[in-house]
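Here's the structure, in structure tokens; my notes come after.
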Amino acid sequence: VDDQTITDNEIVGIINSALSYIEKCTGWIMFARDKNYFGTYYVDVYDYPINTVIDSTIEKGCYSIVPTTDGKVVLNVGIGEPTELPQELINCALELISFWYYNEETKNAQNSVPDFIQANIDKNRRFI
């Protein structure tokens, strides 16, 4: 960004923070990646979607019960294409990035989420 005090690395950080915040609030994983899960025989996985197919997985609505091997399972979870995400979540991410970027120098802006953005995020929660 020309003529701004914020650097490219800071912008990438803002983007990553916004996506991470939305993931934690909703249970939707914004981009596909491998994650480790640990449990004695099975593990409850709330992340969505699960891209790895494992026999004996039990779907329970908002989560899946996945068998482990030696106390661990590695699953590929997350959205493969941005078009698979609800449009409201894409809009929330863009609005949150914009808010944090333009209010970067405002005290506590990085620690706040405007009510209208939070309300739209809350509507897309996969579980309570």
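Quick note on naming: the chains in the structure tokens go A, B, ... in the order shown, residues restart at 1 in each chain, and ligands are numbered from 1 in order of appearance.
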**Within 9 Å of range 37-50 of chain A using only C-alpha atoms, minus same-chain residues under 4 positions, as JSON, numbers by chain** = {"A": [23, 27, 28, 29, 32, 62, 63, 64, 65, 66, 67, 68, 69, 70, 71, 72, 73, 74, 75, 76, 77, 78, 79, 126, 127]}
**Message:** So, with only C-alpha atoms as the atoms that count, which of A:Glu88, A:Asp8, A:Glu105, A:Glu95 lies closest to Thr26 in chain A?
**Reply:**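 For Thr26 in chain A, the nearest of the given residues is A:Glu88.
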**Item:** DSSP alpha helix (DSSP H) residues within range 7-57 of chain A, as a list in words
**Value:** Asp8, Asn9, Glu10, Ile11, Val12, Gly13, Ile14, Ile15, Asn16, Ser17, Ala18, Leu19, Ser20, Tyr21, Ile22, Glu23, Lys24, Cys25 and Thr26 of chain A
**Request:** Would you please extract all strand (DSSP E) residues from chain A, as assigned by DSSP on the backbone, and give them as number ranges by chain?
**Result:** A: 33-38, 42-45, 58-59, 64-67, 72-77
Keeping only N, CA, C and O atoms, write those residues as a PDB file, in the first residue's frame.
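And here's result03.pdb as it stands now:
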ATOM      1  N   ARG A  33      -6.171 -27.501   5.166  1.00  0.00           N
ATOM      2  CA  ARG A  33      -4.852 -27.757   5.740  1.00  0.00           C
ATOM      3  C   ARG A  33      -4.921 -29.034   6.579  1.00  0.00           C
ATOM      4  O   ARG A  33      -5.997 -29.467   6.973  1.00  0.00           O
ATOM      5  N   ASP A  34      -3.760 -29.628   6.840  1.00  0.00           N
ATOM      6  CA  ASP A  34      -3.681 -30.800   7.688  1.00  0.00           C
ATOM      7  C   ASP A  34      -3.622 -30.365   9.150  1.00  0.00           C
ATOM      8  O   ASP A  34      -2.922 -29.413   9.495  1.00  0.00           O
ATOM      9  N   LYS A  35      -4.382 -31.067  10.006  1.00  0.00           N
ATOM     10  CA  LYS A  35      -4.370 -30.803  11.443  1.00  0.00           C
ATOM     11  C   LYS A  35      -4.240 -32.123  12.193  1.00  0.00           C
ATOM     12  O   LYS A  35      -4.797 -33.129  11.773  1.00  0.00           O
ATOM     13  N   ASN A  36      -3.498 -32.086  13.286  1.00  0.00           N
ATOM     14  CA  ASN A  36      -3.336 -33.244  14.154  1.00  0.00           C
ATOM     15  C   ASN A  36      -4.386 -33.218  15.248  1.00  0.00           C
ATOM     16  O   ASN A  36      -4.650 -32.168  15.834  1.00  0.00           O
ATOM     17  N   TYR A  37      -4.952 -34.392  15.538  1.00  0.00           N
ATOM     18  CA  TYR A  37      -5.919 -34.554  16.608  1.00  0.00           C
ATOM     19  C   TYR A  37      -5.446 -35.722  17.474  1.00  0.00           C
ATOM     20  O   TYR A  37      -4.936 -36.717  16.952  1.00  0.00           O
ATOM     21  N   PHE A  38      -5.638 -35.596  18.774  1.00  0.00           N
ATOM     22  CA  PHE A  38      -5.139 -36.603  19.693  1.00  0.00           C
ATOM     23  C   PHE A  38      -6.270 -37.114  20.584  1.00  0.00           C
ATOM     24  O   PHE A  38      -7.068 -36.334  21.097  1.00  0.00           O
ATOM     25  N   TYR A  42     -10.756 -42.523  19.987  1.00  0.00           N
ATOM     26  CA  TYR A  42     -11.509 -41.668  19.080  1.00  0.00           C
ATOM     27  C   TYR A  42     -11.274 -40.223  19.479  1.00  0.00           C
ATOM     28  O   TYR A  42     -10.867 -39.929  20.594  1.00  0.00           O
ATOM     29  N   VAL A  43     -11.557 -39.315  18.564  1.00  0.00           N
ATOM     30  CA  VAL A  43     -11.473 -37.891  18.859  1.00  0.00           C
ATOM     31  C   VAL A  43     -12.699 -37.209  18.272  1.00  0.00           C
ATOM     32  O   VAL A  43     -13.171 -37.587  17.196  1.00  0.00           O
ATOM     33  N   ASP A  44     -13.251 -36.239  19.019  1.00  0.00           N
ATOM     34  CA  ASP A  44     -14.362 -35.429  18.510  1.00  0.00           C
ATOM     35  C   ASP A  44     -13.779 -34.279  17.697  1.00  0.00           C
ATOM     36  O   ASP A  44     -12.986 -33.503  18.211  1.00  0.00           O
ATOM     37  N   VAL A  45     -14.170 -34.177  16.438  1.00  0.00           N
ATOM     38  CA  VAL A  45     -13.651 -33.140  15.541  1.00  0.00           C
ATOM     39  C   VAL A  45     -14.793 -32.193  15.197  1.00  0.00           C
ATOM     40  O   VAL A  45     -15.767 -32.586  14.565  1.00  0.00           O
ATOM     41  N   ILE A  58     -17.973 -41.345  12.565  1.00  0.00           N
ATOM     42  CA  ILE A  58     -19.392 -41.200  12.882  1.00  0.00           C
ATOM     43  C   ILE A  58     -19.754 -39.723  12.819  1.00  0.00           C
ATOM     44  O   ILE A  58     -19.153 -38.904  13.521  1.00  0.00           O
ATOM     45  N   GLU A  59     -20.703 -39.380  11.955  1.00  0.00           N
ATOM     46  CA  GLU A  59     -21.177 -38.004  11.840  1.00  0.00           C
ATOM     47  C   GLU A  59     -22.231 -37.741  12.897  1.00  0.00           C
ATOM     48  O   GLU A  59     -23.184 -38.504  13.025  1.00  0.00           O
ATOM     49  N   SER A  64     -17.809 -34.651  14.243  1.00  0.00           N
ATOM     50  CA  SER A  64     -17.594 -36.034  13.821  1.00  0.00           C
ATOM     51  C   SER A  64     -16.740 -36.735  14.864  1.00  0.00           C
ATOM     52  O   SER A  64     -15.866 -36.128  15.474  1.00  0.00           O
ATOM     53  N   ILE A  65     -17.002 -38.017  15.050  1.00  0.00           N
ATOM     54  CA  ILE A  65     -16.186 -38.848  15.918  1.00  0.00           C
ATOM     55  C   ILE A  65     -15.282 -39.667  15.004  1.00  0.00           C
ATOM     56  O   ILE A  65     -15.757 -40.458  14.193  1.00  0.00           O
ATOM     57  N   VAL A  66     -13.974 -39.432  15.126  1.00  0.00           N
ATOM     58  CA  VAL A  66     -13.004 -40.026  14.204  1.00  0.00           C
ATOM     59  C   VAL A  66     -12.082 -40.963  14.988  1.00  0.00           C
ATOM     60  O   VAL A  66     -11.556 -40.579  16.038  1.00  0.00           O
ATOM     61  N   PRO A  67     -11.868 -42.190  14.479  1.00  0.00           N
ATOM     62  CA  PRO A  67     -10.959 -43.116  15.169  1.00  0.00           C
ATOM     63  C   PRO A  67      -9.506 -42.654  15.053  1.00  0.00           C
ATOM     64  O   PRO A  67      -9.117 -42.031  14.068  1.00  0.00           O
ATOM     65  N   LYS A  72      -3.466 -40.820  17.752  1.00  0.00           N
ATOM     66  CA  LYS A  72      -3.362 -39.639  16.896  1.00  0.00           C
ATOM     67  C   LYS A  72      -4.028 -39.907  15.556  1.00  0.00           C
ATOM     68  O   LYS A  72      -4.057 -41.031  15.076  1.00  0.00           O
ATOM     69  N   VAL A  73      -4.560 -38.851  14.966  1.00  0.00           N
ATOM     70  CA  VAL A  73      -5.042 -38.911  13.590  1.00  0.00           C
ATOM     71  C   VAL A  73      -4.746 -37.560  12.939  1.00  0.00           C
ATOM     72  O   VAL A  73      -4.838 -36.512  13.586  1.00  0.00           O
ATOM     73  N   VAL A  74      -4.323 -37.605  11.681  1.00  0.00           N
ATOM     74  CA  VAL A  74      -4.076 -36.387  10.907  1.00  0.00           C
ATOM     75  C   VAL A  74      -5.176 -36.286   9.863  1.00  0.00           C
ATOM     76  O   VAL A  74      -5.381 -37.215   9.082  1.00  0.00           O
ATOM     77  N   LEU A  75      -5.886 -35.158   9.894  1.00  0.00           N
ATOM     78  CA  LEU A  75      -6.981 -34.950   8.951  1.00  0.00           C
ATOM     79  C   LEU A  75      -6.738 -33.694   8.133  1.00  0.00           C
ATOM     80  O   LEU A  75      -6.210 -32.711   8.644  1.00  0.00           O
ATOM     81  N   ASN A  76      -7.146 -33.756   6.879  1.00  0.00           N
ATOM     82  CA  ASN A  76      -7.167 -32.543   6.079  1.00  0.00           C
ATOM     83  C   ASN A  76      -8.555 -31.941   6.257  1.00  0.00           C
ATOM     84  O   ASN A  76      -9.563 -32.597   5.975  1.00  0.00           O
ATOM     85  N   VAL A  77      -8.593 -30.724   6.779  1.00  0.00           N
ATOM     86  CA  VAL A  77      -9.855 -30.043   7.045  1.00  0.00           C
ATOM     87  C   VAL A  77      -9.830 -28.674   6.385  1.00  0.00           C
ATOM     88  O   VAL A  77      -8.773 -28.093   6.171  1.00  0.00           O
TER      89      VAL A  77
END
**Item:** For Leu96 in chain A: contacts at 8 Å, only C-alpha atoms, fewer than 2 positions along chain excluded, given as a ChimeraX atom specification
**Value:** /A:18,92-94,98-100,113,117
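Of the residues under consideration (A:Glu104, A:Asn120, A:Thr83, A:Thr7), A:Asn120 shows the shortest atom-to-atom contact distance to Ile22 in chain A when counting only C-alpha atoms.
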**Prompt:** Hey, can you check how far CA of Glu84 in chain A sits from CA of Asp55 in chain A?
**Reply:** 24.6 Å
**Asked** Suppose you want the space between CA of Lys60 in chain A and CA of Leu89 in chain A; what is it in Å?
**Response** 23.4 Å
**Prompt:** Residues at most 8 Å from Cys25 in chain A, counting only C-alpha atoms, excluding those fewer than 3 positions away in the same chain, as an MDAnalysis selection string?
**Reply:** chainID A and resid 21:22 121:122 125
**Item:** Given only C-alpha atoms as the counted atoms, nearest of A:Asn9, A:Ser56, A:Ser112, A:Gln118 to Asn91 in chain A
**Value:** A:Gln118
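Distance-wise, CA of Tyr102 in chain A and CA of Ser20 in chain A end up 19.0 Å apart.
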